[in-house]
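Take a look at the structure set out below.
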2 protein chains.
Amino acid sequence: MFIRKATKKDFPQMLPIFREVIEGGDTYDFEETASDQDAFDYWFGKGVTSFVMEDDPSDGQNACADSEPRRKKICDGADREPRGKILGFYKIIQNHRGRGSHVANASFMVSRETRGNGIGRKMGEDCIRVAREMGFRAIQFNFVISTNEPAMHLWKSLGFQELCRLPGAFNHKKLGFVDAVIFYLELK
Amino acid sequence: MFIRKATKKDFPQMLPIFREVIEGGDTYDFEETASDQDAFDYWFGKGVTSFVMEDDPSDGQNACADSEPRRKKICDGADREPRGKILGFYKIIQNHRGRGSHVANASFMVSRETRGNGIGRKMGEDCIRVAREMGFRAIQFNFVISTNEPAMHLWKSLGFQELCRLPGAFNHKKLGFVDAVIFYLELK
């Protein structure tokens with residue numbers, strides 16, 4: 001398993017995972033009416049940098065592993081075909097433009113069959129490292145759903161601070177209006 | 001003075017106000033490099049509903065005053081030329097898509113020469129009324145700059161709750177990294 005920069009060639013494998021995540025209606029603000037284009041724009045739109053966790057039998061030895069030179073050399077803008085199965089992905093964007101652009105925002109999706117295997121944690125750790133490398137001073141999550149216990153637990157355990165709750169800000173598919181939570185991690 | 005829905009014909013009067021606001025570098029995340037198109041998209045882009053405060057000698061008697069039927073009849077989609085001077089404007093958008101679309105977000109700008117005359121307060125009160133009419137359950141401000149004392153005071157006095165501070169999230173033109181504040185007002 002290894003994490004590398006996502007390319008548009010990964011999208012066919014990412015789309016079904018996106019669909020199963022938003023179908024739950026319990027973690028993302030997307031509704032099931034979201035189009036494939038909406039999904040594409042979310043992961044590959046302007047200003048978006050996305051990464052995939054790939055389950056490649058070669059463990060990415062011919063692609064890009066953890067070391068930054070290999071990431072830079074091979075993965076940035078790579079158009080290689082995915083060789084293995086994509087298990088999850090995440091993205092980093094600026095949380096605000098201009099005078100707020102030193103704070104990152106990130107989003108994560110893990111395939112249903114892979115959940116509970118620490119993929120989210122590995123991607124979270126990678127995200128913190130990459131955001132720091134990209135020069136961000138902090139990471140802010142704007143909309144973690146309070147009933148999403150794995151996410152709530154994960155971000156706290158990675159050092160994020162729960163700054164506040166937004167009362168009833170998320171319309172949960174099964175539970176109705178529940179709180180969303182803002183998490184923040186200072187990197188400097 | 002009265003508030004009515006903004007139209008594209010108002011933009012030539014709005015742009016210099018936008019310019020003088022962002023030139024301060026103390027309230028908005030826009031940098032001075034923002035283009036006219038950026039400004040236009042911000043106030044008239046997809047999903048944006050904007051309103052202007054106009055200083056019309058007739059007090060809008062031939063346009064739209066406070067009563068909702070007149071607002072609906074004359075101001076929605078109106079393409080009338082502005083008759084008076086535009087003193088300020090605000091916009092309402094959904095703070096999140098889909099499952100978060102029941103919470104509004106709003107932004108305000110007031111011309112420099114008009115500040116301190118309660119225009120911001122009048123627009124804030126109007127915004128709360130309009131957001132409620134539009135069916136929103138709450139209003140969330142994501143990025144009030146903590147050093148912007150008039151704004152901090154105004155939102156508290158209108159019943160908004162200061163939910164949390166985002167440490168160093170705003171790069172103030174004069175002060176460097178300062179906190180931004182999230183405000184929230186439940187409408188139901």
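Identifiers in the structure tokens: chain A, B, ... in order shown; residue index from 1 per chain; ligand index from 1 in order shown.
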
Could you build a table of the residues in chain A lying no more than 7 Å from chain B, giving for each the nearest pair of atoms and their separation in Å rounded to one decimal place, using only C-alpha atoms, ordered by chain and ascending residue number, as a tab-separated table?
```
residue	atom	partner	partner_atom	distance
A:Asp29	CA	B:Arg99	CA	4.4
A:Phe30	CA	B:Gly98	CA	5.4
A:Glu31	CA	B:Gly98	CA	5.4
A:His96	CA	B:Asp29	CA	6.8
A:Arg97	CA	B:Asp29	CA	5.9
A:Gly98	CA	B:Asp29	CA	5.3
A:Arg99	CA	B:Asp29	CA	4.4
A:Gly100	CA	B:Phe170	CA	5.0
A:Val103	CA	B:Ala169	CA	6.5
A:Leu163	CA	B:Cys164	CA	6.0
A:Cys164	CA	B:Cys164	CA	5.7
A:Ala169	CA	B:Gly100	CA	5.9
A:Phe170	CA	B:Gly100	CA	5.0
A:Asn171	CA	B:Arg99	CA	4.8
A:His172	CA	B:Arg99	CA	7.0
```

Margin query: Residues within 8 Å of Ser107 of chain A, please, as a list in words. Count only C-alpha atoms; anything in the same chain fewer than 4 positions from it doesn't count.
Written below: Tyr90, Lys91, Ile92 and Phe141 of chain A

Note to self: For the alpha helix (DSSP H) assignment from backbone DSSP, which residues of segment 15-162 of chain A qualify? Please present them as a PyMOL selection string.
What the structure shows: chain A and resi 15-24+36-44+68-70+119-133+149-157

Selected residues written out, C-alpha atoms, as an mmCIF file, in the first residue's frame:
```
data_model
loop_
_atom_site.group_PDB
_atom_site.id
_atom_site.type_symbol
_atom_site.label_atom_id
_atom_site.label_comp_id
_atom_site.auth_asym_id
_atom_site.auth_seq_id
_atom_site.Cartn_x
_atom_site.Cartn_y
_atom_site.Cartn_z
ATOM 1 C CA LEU A 15 -16.148 7.495 -8.555
ATOM 2 C CA PRO A 16 -17.765 4.308 -7.140
ATOM 3 C CA ILE A 17 -16.142 5.032 -3.757
ATOM 4 C CA PHE A 18 -17.430 8.614 -3.896
ATOM 5 C CA ARG A 19 -20.901 7.224 -4.703
ATOM 6 C CA GLU A 20 -20.946 4.755 -1.814
ATOM 7 C CA VAL A 21 -19.696 7.408 0.612
ATOM 8 C CA ILE A 22 -22.309 10.020 -0.249
ATOM 9 C CA GLU A 23 -25.040 7.378 -0.491
ATOM 10 C CA GLY A 24 -24.658 6.983 3.281
ATOM 11 C CA ASP A 36 -20.198 12.633 -11.949
ATOM 12 C CA GLN A 37 -18.939 16.059 -12.978
ATOM 13 C CA ASP A 38 -19.552 17.364 -9.443
ATOM 14 C CA ALA A 39 -17.452 14.483 -8.154
ATOM 15 C CA PHE A 40 -14.704 15.123 -10.697
ATOM 16 C CA ASP A 41 -14.595 18.840 -9.913
ATOM 17 C CA TYR A 42 -14.425 18.096 -6.198
ATOM 18 C CA TRP A 43 -11.323 15.910 -6.592
ATOM 19 C CA PHE A 44 -9.670 17.470 -9.637
ATOM 20 C CA GLU A 68 9.705 13.215 -1.216
ATOM 21 C CA PRO A 69 12.130 13.132 -4.201
ATOM 22 C CA ARG A 70 10.306 10.139 -5.662
ATOM 23 C CA ILE A 119 -6.386 3.609 5.791
ATOM 24 C CA GLY A 120 -7.971 6.823 7.033
ATOM 25 C CA ARG A 121 -5.282 7.206 9.664
ATOM 26 C CA LYS A 122 -2.464 6.608 7.157
ATOM 27 C CA MET A 123 -3.964 9.190 4.815
ATOM 28 C CA GLY A 124 -4.495 11.626 7.702
ATOM 29 C CA GLU A 125 -0.841 11.327 8.718
ATOM 30 C CA ASP A 126 0.238 11.745 5.104
ATOM 31 C CA CYS A 127 -2.000 14.793 4.760
ATOM 32 C CA ILE A 128 -0.431 16.492 7.775
ATOM 33 C CA ARG A 129 3.048 15.856 6.377
ATOM 34 C CA VAL A 130 2.144 17.044 2.885
ATOM 35 C CA ALA A 131 0.305 20.157 4.127
ATOM 36 C CA ARG A 132 3.394 21.092 6.099
ATOM 37 C CA GLU A 133 5.602 20.510 3.047
ATOM 38 C CA GLU A 149 -17.404 8.573 15.496
ATOM 39 C CA PRO A 150 -14.444 7.129 13.573
ATOM 40 C CA ALA A 151 -13.653 10.561 12.119
ATOM 41 C CA MET A 152 -14.160 12.365 15.438
ATOM 42 C CA HIS A 153 -11.825 9.892 17.108
ATOM 43 C CA LEU A 154 -9.241 9.914 14.321
ATOM 44 C CA TRP A 155 -8.767 13.676 14.123
ATOM 45 C CA LYS A 156 -8.476 14.032 17.891
ATOM 46 C CA SER A 157 -5.920 11.236 18.029
#
```

Check: Got a sec to tell me which of segment 112-183 of chain A DSSP assigns to strand (DSSP E or B), as number ranges by chain?
Finding: A: 138-145, 161-172, 176-183

Item checked: Contacts of Val52 of chain B at 10 Å (only C-alpha atoms; same-chain gap of 3+ positions) as a PyMOL selection string -> chain B and resi 2-7+10+14+55+82+85-91+108-110+123

Next item on the list: Determine the nearest neighbour of Gly118 of chain A from the options A:Gln161, A:Ser146, A:Met53, A:Ser35, counting only C-alpha atoms.
Entry: A:Met53

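Picture a line from atom CA of Asn117 of chain A to atom CA of Glu54 of chain A; it runs 13.6 Å.
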
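Take atom CA of Met134 of chain A and atom CA of Gly159 of chain A: the distance between them is 19.0 Å.
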